[in-house]
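Text of coords_16.pdb (PDB, C-alpha atoms and all ligand atoms) as supplied:
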MODEL        1
ATOM      1  CA  MET Z   1      85.908  87.638 109.299
ATOM      2  CA  ILE Z   2      89.504  87.990 108.211
ATOM      3  CA  LEU Z   3      89.888  87.305 104.495
ATOM      4  CA  PRO Z   4      93.095  86.077 102.863
ATOM      5  CA  ILE Z   5      94.862  88.802 100.881
ATOM      6  CA  ARG Z   6      95.665  87.889  97.276
ATOM      7  CA  ALA Z   7      99.368  87.969  96.516
ATOM      8  CA  TYR Z   8     101.229  89.432  93.573
ATOM      9  CA  GLY Z   9     100.700  87.238  90.529
ATOM     10  CA  ASP Z  10      97.025  86.566  91.206
ATOM     11  CA  PRO Z  11      95.126  87.365  87.981
ATOM     12  CA  VAL Z  12      92.389  89.243  89.921
ATOM     13  CA  LEU Z  13      94.957  91.962  90.706
ATOM     14  CA  LYS Z  14      95.420  92.658  86.980
ATOM     15  CA  LYS Z  15      91.725  92.967  86.114
ATOM     16  CA  VAL Z  16      89.741  96.176  85.681
ATOM     17  CA  ALA Z  17      87.081  95.998  88.401
ATOM     18  CA  LYS Z  18      83.353  96.477  87.711
ATOM     19  CA  ASP Z  19      80.967  99.063  89.165
ATOM     20  CA  ILE Z  20      78.463  97.843  91.728
ATOM     21  CA  GLU Z  21      74.792  98.727  92.218
ATOM     22  CA  PRO Z  22      72.868  99.602  95.373
ATOM     23  CA  GLY Z  23      71.717  96.367  97.002
ATOM     24  CA  HIS Z  24      74.882  94.526  95.985
ATOM     25  CA  PRO Z  25      74.566  91.192  97.839
ATOM     26  CA  GLY Z  26      76.522  90.998 101.083
ATOM     27  CA  LEU Z  27      78.040  94.460 100.689
ATOM     28  CA  GLU Z  28      77.747  95.513 104.324
ATOM     29  CA  GLN Z  29      79.403  92.326 105.564
ATOM     30  CA  LEU Z  30      82.081  92.572 102.869
ATOM     31  CA  ILE Z  31      83.006  96.109 103.977
ATOM     32  CA  ALA Z  32      83.149  95.019 107.633
ATOM     33  CA  ASP Z  33      85.342  92.041 106.687
ATOM     34  CA  MET Z  34      87.637  94.277 104.630
ATOM     35  CA  PHE Z  35      88.184  96.640 107.584
ATOM     36  CA  GLU Z  36      88.906  93.688 109.875
ATOM     37  CA  THR Z  37      91.331  92.252 107.300
ATOM     38  CA  MET Z  38      93.087  95.587 106.749
ATOM     39  CA  TYR Z  39      93.556  96.265 110.478
ATOM     40  CA  GLU Z  40      94.864  92.751 111.091
ATOM     41  CA  ALA Z  41      97.502  93.385 108.403
ATOM     42  CA  ASN Z  42      98.319  96.919 109.640
ATOM     43  CA  GLY Z  43      97.348  98.418 106.284
ATOM     44  CA  VAL Z  44      96.013 101.910 105.619
ATOM     45  CA  GLY Z  45      94.046 100.921 102.525
ATOM     46  CA  LEU Z  46      92.543  97.803 100.976
ATOM     47  CA  ALA Z  47      90.865  97.359  97.596
ATOM     48  CA  ALA Z  48      88.275  94.649  96.854
ATOM     49  CA  PRO Z  49      90.433  92.895  94.205
ATOM     50  CA  GLN Z  50      92.983  92.260  96.958
ATOM     51  CA  ILE Z  51      90.502  89.958  98.646
ATOM     52  CA  GLY Z  52      89.510  88.400  95.328
ATOM     53  CA  GLN Z  53      86.490  90.485  94.322
ATOM     54  CA  SER Z  54      86.779  92.394  91.075
ATOM     55  CA  ILE Z  55      84.423  95.218  92.059
ATOM     56  CA  ARG Z  56      84.997  98.969  92.373
ATOM     57  CA  LEU Z  57      85.285  99.276  96.132
ATOM     58  CA  PHE Z  58      88.109 100.254  98.434
ATOM     59  CA  ILE Z  59      88.472 101.307 102.033
ATOM     60  CA  VAL Z  60      91.036 103.504 103.751
ATOM     61  CA  ASP Z  61      91.961 104.391 107.288
ATOM     62  CA  ALA Z  62      94.983 106.657 107.213
ATOM     63  CA  SER Z  63      94.789 107.571 110.892
ATOM     64  CA  PRO Z  64      98.161 105.841 111.598
ATOM     65  CA  PHE Z  65      99.794 108.683 109.600
ATOM     66  CA  ALA Z  66      98.307 111.251 112.000
ATOM     67  CA  GLU Z  67     100.466 110.243 114.977
ATOM     68  CA  ASP Z  68     104.130 109.419 115.400
ATOM     69  CA  GLU Z  69     105.424 106.453 117.409
ATOM     70  CA  ASP Z  70     105.029 108.403 120.650
ATOM     71  CA  GLY Z  71     101.435 109.288 119.869
ATOM     72  CA  LYS Z  72     102.241 112.912 119.028
ATOM     73  CA  PRO Z  73     100.410 114.599 116.140
ATOM     74  CA  THR Z  74     102.396 114.671 112.889
ATOM     75  CA  GLU Z  75     102.185 117.160 110.014
ATOM     76  CA  GLU Z  76      99.422 114.884 108.724
ATOM     77  CA  ALA Z  77      97.337 115.204 111.921
ATOM     78  CA  HIS Z  78      94.254 115.978 109.789
ATOM     79  CA  LEU Z  79      94.276 112.290 108.721
ATOM     80  CA  LYS Z  80      93.096 111.284 112.196
ATOM     81  CA  ASP Z  81      89.532 110.957 110.906
ATOM     82  CA  PHE Z  82      90.378 109.805 107.410
ATOM     83  CA  LYS Z  83      88.486 106.531 107.537
ATOM     84  CA  LYS Z  84      86.275 106.025 104.534
ATOM     85  CA  VAL Z  85      84.564 103.644 102.150
ATOM     86  CA  PHE Z  86      84.746 104.463  98.445
ATOM     87  CA  ILE Z  87      82.307 102.833  96.037
ATOM     88  CA  ASN Z  88      82.531 103.173  92.234
ATOM     89  CA  PRO Z  89      85.356 105.729  92.549
ATOM     90  CA  TYR Z  90      86.849 107.473  89.530
ATOM     91  CA  ILE Z  91      89.677 110.004  89.573
ATOM     92  CA  VAL Z  92      88.478 112.833  87.334
ATOM     93  CA  GLU Z  93      91.417 115.202  87.818
ATOM     94  CA  GLU Z  94      95.044 114.905  88.900
ATOM     95  CA  GLU Z  95      97.056 118.046  89.397
ATOM     96  CA  GLY Z  96     100.021 119.592  91.142
ATOM     97  CA  GLU Z  97     103.620 118.548  91.254
ATOM     98  CA  GLU Z  98     104.394 114.851  91.529
ATOM     99  CA  TRP Z  99     106.128 113.867  94.752
ATOM    100  CA  GLY Z 100     107.874 110.698  95.769
ATOM    101  CA  PHE Z 101     107.107 108.464  98.741
ATOM    102  CA  GLU Z 102     108.121 104.938  99.636
ATOM    103  CA  GLU Z 103     104.996 102.836  99.183
ATOM    104  CA  GLY Z 104     104.176  99.284 100.094
ATOM    105  CA  CYS Z 105     101.200  97.052  99.354
ATOM    106  CA  LEU Z 106      99.600  94.243 101.343
ATOM    107  CA  SER Z 107      99.628  92.120  98.165
ATOM    108  CA  ILE Z 108     103.401  92.636  97.775
ATOM    109  CA  PRO Z 109     104.872  91.988 101.235
ATOM    110  CA  GLY Z 110     108.475  92.928 101.883
ATOM    111  CA  ILE Z 111     108.854  95.380  99.010
ATOM    112  CA  ARG Z 112     108.827  99.144  99.450
ATOM    113  CA  GLU Z 113     109.695 101.505  96.630
ATOM    114  CA  GLU Z 114     109.501 105.196  95.967
ATOM    115  CA  VAL Z 115     106.503 106.051  93.797
ATOM    116  CA  TYR Z 116     105.778 109.483  92.301
ATOM    117  CA  ARG Z 117     102.181 110.663  92.332
ATOM    118  CA  ALA Z 118     100.305 113.899  91.738
ATOM    119  CA  GLU Z 119      99.777 116.154  94.767
ATOM    120  CA  ARG Z 120      96.043 116.700  94.317
ATOM    121  CA  ILE Z 121      93.166 114.732  92.882
ATOM    122  CA  VAL Z 122      89.463 115.161  92.369
ATOM    123  CA  LEU Z 123      87.538 111.954  92.982
ATOM    124  CA  GLN Z 124      83.979 111.050  92.067
ATOM    125  CA  TYR Z 125      82.635 108.248  94.225
ATOM    126  CA  GLN Z 126      79.682 106.918  96.158
ATOM    127  CA  ASP Z 127      79.560 106.285  99.882
ATOM    128  CA  GLU Z 128      78.071 103.240 101.606
ATOM    129  CA  GLN Z 129      74.569 104.643 101.076
ATOM    130  CA  PHE Z 130      75.383 105.180  97.368
ATOM    131  CA  ASN Z 131      75.203 108.961  97.745
ATOM    132  CA  GLU Z 132      77.252 110.693  95.043
ATOM    133  CA  HIS Z 133      80.302 112.751  96.004
ATOM    134  CA  GLU Z 134      82.887 114.785  94.179
ATOM    135  CA  GLU Z 135      85.733 115.708  96.475
ATOM    136  CA  GLU Z 136      89.269 117.041  96.320
ATOM    137  CA  PHE Z 137      92.073 115.291  98.215
ATOM    138  CA  SER Z 138      95.722 116.228  98.592
ATOM    139  CA  GLY Z 139      98.932 114.975 100.170
ATOM    140  CA  PHE Z 140      98.837 111.557 101.848
ATOM    141  CA  ALA Z 141      95.077 111.223 101.475
ATOM    142  CA  ALA Z 142      95.443 111.712  97.703
ATOM    143  CA  ARG Z 143      98.327 109.221  97.625
ATOM    144  CA  VAL Z 144      96.461 106.476  99.477
ATOM    145  CA  ILE Z 145      93.441 106.995  97.216
ATOM    146  CA  GLN Z 146      95.576 106.907  94.065
ATOM    147  CA  HIS Z 147      97.226 103.659  95.208
ATOM    148  CA  GLU Z 148      93.875 101.999  95.981
ATOM    149  CA  HIS Z 149      92.181 103.417  92.877
ATOM    150  CA  ASP Z 150      94.987 101.872  90.807
ATOM    151  CA  HIS Z 151      94.057  98.451  92.218
ATOM    152  CA  LEU Z 152      90.590  98.839  90.645
ATOM    153  CA  ASP Z 153      92.241  99.353  87.268
ATOM    154  CA  GLY Z 154      94.559  96.362  87.627
ATOM    155  CA  ILE Z 155      97.598  98.517  88.386
ATOM    156  CA  LEU Z 156     100.101  97.819  91.180
ATOM    157  CA  PHE Z 157     102.564 100.322  92.621
ATOM    158  CA  THR Z 158     105.432  98.366  91.074
ATOM    159  CA  ASP Z 159     103.953  99.160  87.635
ATOM    160  CA  HIS Z 160     104.892 102.812  88.254
ATOM    161  CA  LEU Z 161     108.594 102.078  88.723
ATOM    162  CA  ALA Z 162     111.227 102.690  86.081
ATOM    163  CA  PRO Z 163     111.719  99.679  83.749
ATOM    164  CA  LEU Z 164     115.192  98.955  85.147
ATOM    165  CA  ARG Z 165     113.914  98.968  88.722
ATOM    166  CA  GLN Z 166     111.082  96.650  87.704
ATOM    167  CA  ARG Z 167     113.552  94.257  86.126
ATOM    168  CA  LEU Z 168     115.657  94.241  89.296
ATOM    169  CA  LEU Z 169     112.571  93.349  91.357
ATOM    170  CA  GLN Z 170     111.368  90.588  89.034
ATOM    171  CA  GLY Z 171     112.893  87.731  91.006
ATOM    172  CA  LYS Z 172     111.523  88.949  94.329
ATOM    173  CA  LEU Z 173     108.074  89.473  92.828
ATOM    174  CA  ARG Z 174     108.090  85.996  91.319
ATOM    175  CA  ASP Z 175     109.002  84.586  94.741
ATOM    176  CA  ILE Z 176     106.022  86.364  96.326
ATOM    177  CA  GLY Z 177     103.747  84.750  93.730
ATOM    178  CA  LYS Z 178     105.123  81.368  94.811
ATOM    179  CA  GLY Z 179     104.506  82.097  98.483
ATOM    180  CA  LYS Z 180     108.181  82.693  99.258
ATOM    181  CA  CYS Z 181     107.713  85.708 101.512
ATOM    182  CA  ASP Z 182     106.905  86.243 105.141
ATOM    183  CA  ALA Z 183     103.797  88.271 105.682
ATOM    184  CA  ARG Z 184     102.439  88.266 109.215
ATOM    185  CA  TYR Z 185      98.857  88.116 107.915
ATOM    186  CA  LYS Z 186      96.763  85.600 106.019
ATOM    187  CA  MET Z 187      97.542  85.512 102.295
ATOM    188  CA  ARG Z 188      96.491  83.479  99.303
ATOM    189  CA  PHE Z 189      99.059  82.774  96.637
ATOM    190  CA  PRO Z 190      98.358  82.053  92.977
ATOM    191  CA  VAL Z 191      98.529  78.362  92.193
ATOM    192  CA  THR Z 192     101.921  77.581  90.718
ATOM    193  CA  LYS Z 193     103.671  74.426  89.631
TER     194      LYS Z 193
HETATM  195 NI    NI Y   1      98.093  97.994  97.443
ENDMDL
END
Could you quickly redo this structure as structure tokens?
Ligand code: NI
Amino acid sequence: MILPIRAYGDPVLKKVAKDIEPGHPGLEQLIADMFETMYEANGVGLAAPQIGQSIRLFIVDASPFAEDEDGKPTEEAHLKDFKKVFINPYIVEEEGEEWGFEEGCLSIPGIREEVYRAERIVLQYQDEQFNEHEEEFSGFAARVIQHEHDHLDGILFTDHLAPLRQRLLQGKLRDIGKGKCDARYKMRFPVTK
């Protein structure tokens, strides 16, 4: 089932999400619904708060980065199989030089801005079977994880921008909160008067 994606301004996007336990009700269906929702919106990552659930869960499928428009392998060809579910994830280390990349977010349609993030991370997380992992990621994989992990701490990519840039975007962001944007996927906007 495709779930509506919560838009900028929704309080759930500013909350710190809670850990979940094995046997979390409806988890398998929720993960399936999140993948369906993410693919429908052409996203490469989706965090549970973005569909209104304040729990520590996100999914990624970065395989679109592995091929160019003609279907040829890119420098990131190793991302072809980077489809994963992360449960109760925590970044325990960030290292390497920060690099910039123009990011977007399904909760903030129509805005793309350069965000600087660390090159490498070490992530502790559980998989769908709640097996523990500690794994190092770098490059795009690390970036997608950092973006989604931020969502679990109530942080949006726009929060990383310089204060002046944030001020310049304020009007556009406020418009998104009011539903004045054109996303080609189902969204839910915070109630405004
Ligand atoms: Ni996002």
Got a sec to resolve the PyMOL selection byres (((not hetatm)) within 7 of (chain Y and resi 1)) on this structure and send the residues as a count of residues only? 10
Given the file shown, enumerate the residues that the PyMOL selection byres (((chain Z and resi 38) around 12) and not hetatm) captures and present them as a PyMOL selection string. chain Z and resi 1-5+31-37+39-48+50-51+58-62+83+105-107+185-187
I need the output of the PyMOL selection byres (((chain Z and resi 140) around 9) and not hetatm) for this file as a ChimeraX atom specification; which residues are they? /Z:62,65,76,79,119,137-139,141-145
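Using all atoms listed in the file, the shortest contact distance between Glu103 of chain Z and any of Z:Arg188, Z:Arg117, Z:Lys84, Z:Lys178 is found at Z:Arg117.
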Between Z:Ala77, Z:Val12, Z:Gly71, Z:Val115, which residue has the minimum interatomic distance to Gln53 of chain Z, considering all atoms listed in the file? Z:Val12
Taking all atoms listed in the file into account, name the residue in Z:Lys80, Z:Phe189, Z:Asn88, Z:Glu102 that is nearest to Arg174 of chain Z.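 Using all atoms listed in the file, the shortest distance to Arg174 of chain Z belongs to Z:Phe189.
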Could you model N, CA and C atoms for segment 98-119 of chain Z and present them as a PDB file, in the coordinates of the input?
ATOM      1  N   GLU Z  98     104.258 116.223  91.047  1.00  0.00           N
ATOM      2  CA  GLU Z  98     104.394 114.851  91.529  1.00  0.00           C
ATOM      3  C   GLU Z  98     105.435 114.806  92.633  1.00  0.00           C
ATOM      4  N   TRP Z  99     105.167 114.011  93.656  1.00  0.00           N
ATOM      5  CA  TRP Z  99     106.128 113.867  94.752  1.00  0.00           C
ATOM      6  C   TRP Z  99     106.315 112.391  95.065  1.00  0.00           C
ATOM      7  N   GLY Z 100     107.512 112.093  95.543  1.00  0.00           N
ATOM      8  CA  GLY Z 100     107.874 110.698  95.769  1.00  0.00           C
ATOM      9  C   GLY Z 100     107.658 110.281  97.212  1.00  0.00           C
ATOM     10  N   PHE Z 101     107.276 109.020  97.404  1.00  0.00           N
ATOM     11  CA  PHE Z 101     107.107 108.464  98.741  1.00  0.00           C
ATOM     12  C   PHE Z 101     107.287 106.956  98.633  1.00  0.00           C
ATOM     13  N   GLU Z 102     107.904 106.378  99.651  1.00  0.00           N
ATOM     14  CA  GLU Z 102     108.121 104.938  99.636  1.00  0.00           C
ATOM     15  C   GLU Z 102     106.820 104.213  99.977  1.00  0.00           C
ATOM     16  N   GLU Z 103     106.272 103.530  98.988  1.00  0.00           N
ATOM     17  CA  GLU Z 103     104.996 102.836  99.183  1.00  0.00           C
ATOM     18  C   GLU Z 103     105.200 101.335  99.358  1.00  0.00           C
ATOM     19  N   GLY Z 104     104.240 100.733 100.006  1.00  0.00           N
ATOM     20  CA  GLY Z 104     104.176  99.284 100.094  1.00  0.00           C
ATOM     21  C   GLY Z 104     102.775  98.865  99.720  1.00  0.00           C
ATOM     22  N   CYS Z 105     102.527  97.554  99.718  1.00  0.00           N
ATOM     23  CA  CYS Z 105     101.200  97.052  99.354  1.00  0.00           C
ATOM     24  C   CYS Z 105     101.010  95.716 100.048  1.00  0.00           C
ATOM     25  N   LEU Z 106      99.841  95.497 100.618  1.00  0.00           N
ATOM     26  CA  LEU Z 106      99.600  94.243 101.343  1.00  0.00           C
ATOM     27  C   LEU Z 106      99.692  93.024 100.422  1.00  0.00           C
ATOM     28  N   SER Z 107      99.520  93.230  99.111  1.00  0.00           N
ATOM     29  CA  SER Z 107      99.628  92.120  98.165  1.00  0.00           C
ATOM     30  C   SER Z 107     101.076  91.846  97.759  1.00  0.00           C
ATOM     31  N   ILE Z 108     101.989  92.750  98.170  1.00  0.00           N
ATOM     32  CA  ILE Z 108     103.401  92.636  97.775  1.00  0.00           C
ATOM     33  C   ILE Z 108     104.273  92.773  99.022  1.00  0.00           C
ATOM     34  N   PRO Z 109     104.168  91.820  99.963  1.00  0.00           N
ATOM     35  CA  PRO Z 109     104.872  91.988 101.235  1.00  0.00           C
ATOM     36  C   PRO Z 109     106.380  92.044 101.062  1.00  0.00           C
ATOM     37  N   GLY Z 110     107.014  92.889 101.858  1.00  0.00           N
ATOM     38  CA  GLY Z 110     108.475  92.928 101.883  1.00  0.00           C
ATOM     39  C   GLY Z 110     109.099  93.838 100.851  1.00  0.00           C
ATOM     40  N   ILE Z 111     108.285  94.468 100.006  1.00  0.00           N
ATOM     41  CA  ILE Z 111     108.854  95.380  99.010  1.00  0.00           C
ATOM     42  C   ILE Z 111     108.304  96.781  99.236  1.00  0.00           C
ATOM     43  N   ARG Z 112     109.220  97.732  99.349  1.00  0.00           N
ATOM     44  CA  ARG Z 112     108.827  99.144  99.450  1.00  0.00           C
ATOM     45  C   ARG Z 112     109.659  99.918  98.443  1.00  0.00           C
ATOM     46  N   GLU Z 113     108.995 100.755  97.668  1.00  0.00           N
ATOM     47  CA  GLU Z 113     109.695 101.505  96.630  1.00  0.00           C
ATOM     48  C   GLU Z 113     109.101 102.894  96.523  1.00  0.00           C
ATOM     49  N   GLU Z 114     109.969 103.826  96.120  1.00  0.00           N
ATOM     50  CA  GLU Z 114     109.501 105.196  95.967  1.00  0.00           C
ATOM     51  C   GLU Z 114     108.641 105.329  94.712  1.00  0.00           C
ATOM     52  N   VAL Z 115     107.444 105.868  94.909  1.00  0.00           N
ATOM     53  CA  VAL Z 115     106.503 106.051  93.797  1.00  0.00           C
ATOM     54  C   VAL Z 115     106.155 107.536  93.728  1.00  0.00           C
ATOM     55  N   TYR Z 116     106.139 108.070  92.502  1.00  0.00           N
ATOM     56  CA  TYR Z 116     105.778 109.483  92.301  1.00  0.00           C
ATOM     57  C   TYR Z 116     104.312 109.596  91.916  1.00  0.00           C
ATOM     58  N   ARG Z 117     103.606 110.475  92.628  1.00  0.00           N
ATOM     59  CA  ARG Z 117     102.181 110.663  92.332  1.00  0.00           C
ATOM     60  C   ARG Z 117     101.826 112.148  92.427  1.00  0.00           C
ATOM     61  N   ALA Z 118     100.758 112.508  91.749  1.00  0.00           N
ATOM     62  CA  ALA Z 118     100.305 113.899  91.738  1.00  0.00           C
ATOM     63  C   ALA Z 118      99.861 114.323  93.136  1.00  0.00           C
ATOM     64  N   GLU Z 119     100.058 115.591  93.442  1.00  0.00           N
ATOM     65  CA  GLU Z 119      99.777 116.154  94.767  1.00  0.00           C
ATOM     66  C   GLU Z 119      98.271 116.201  95.077  1.00  0.00           C
TER      67      GLU Z 119
END
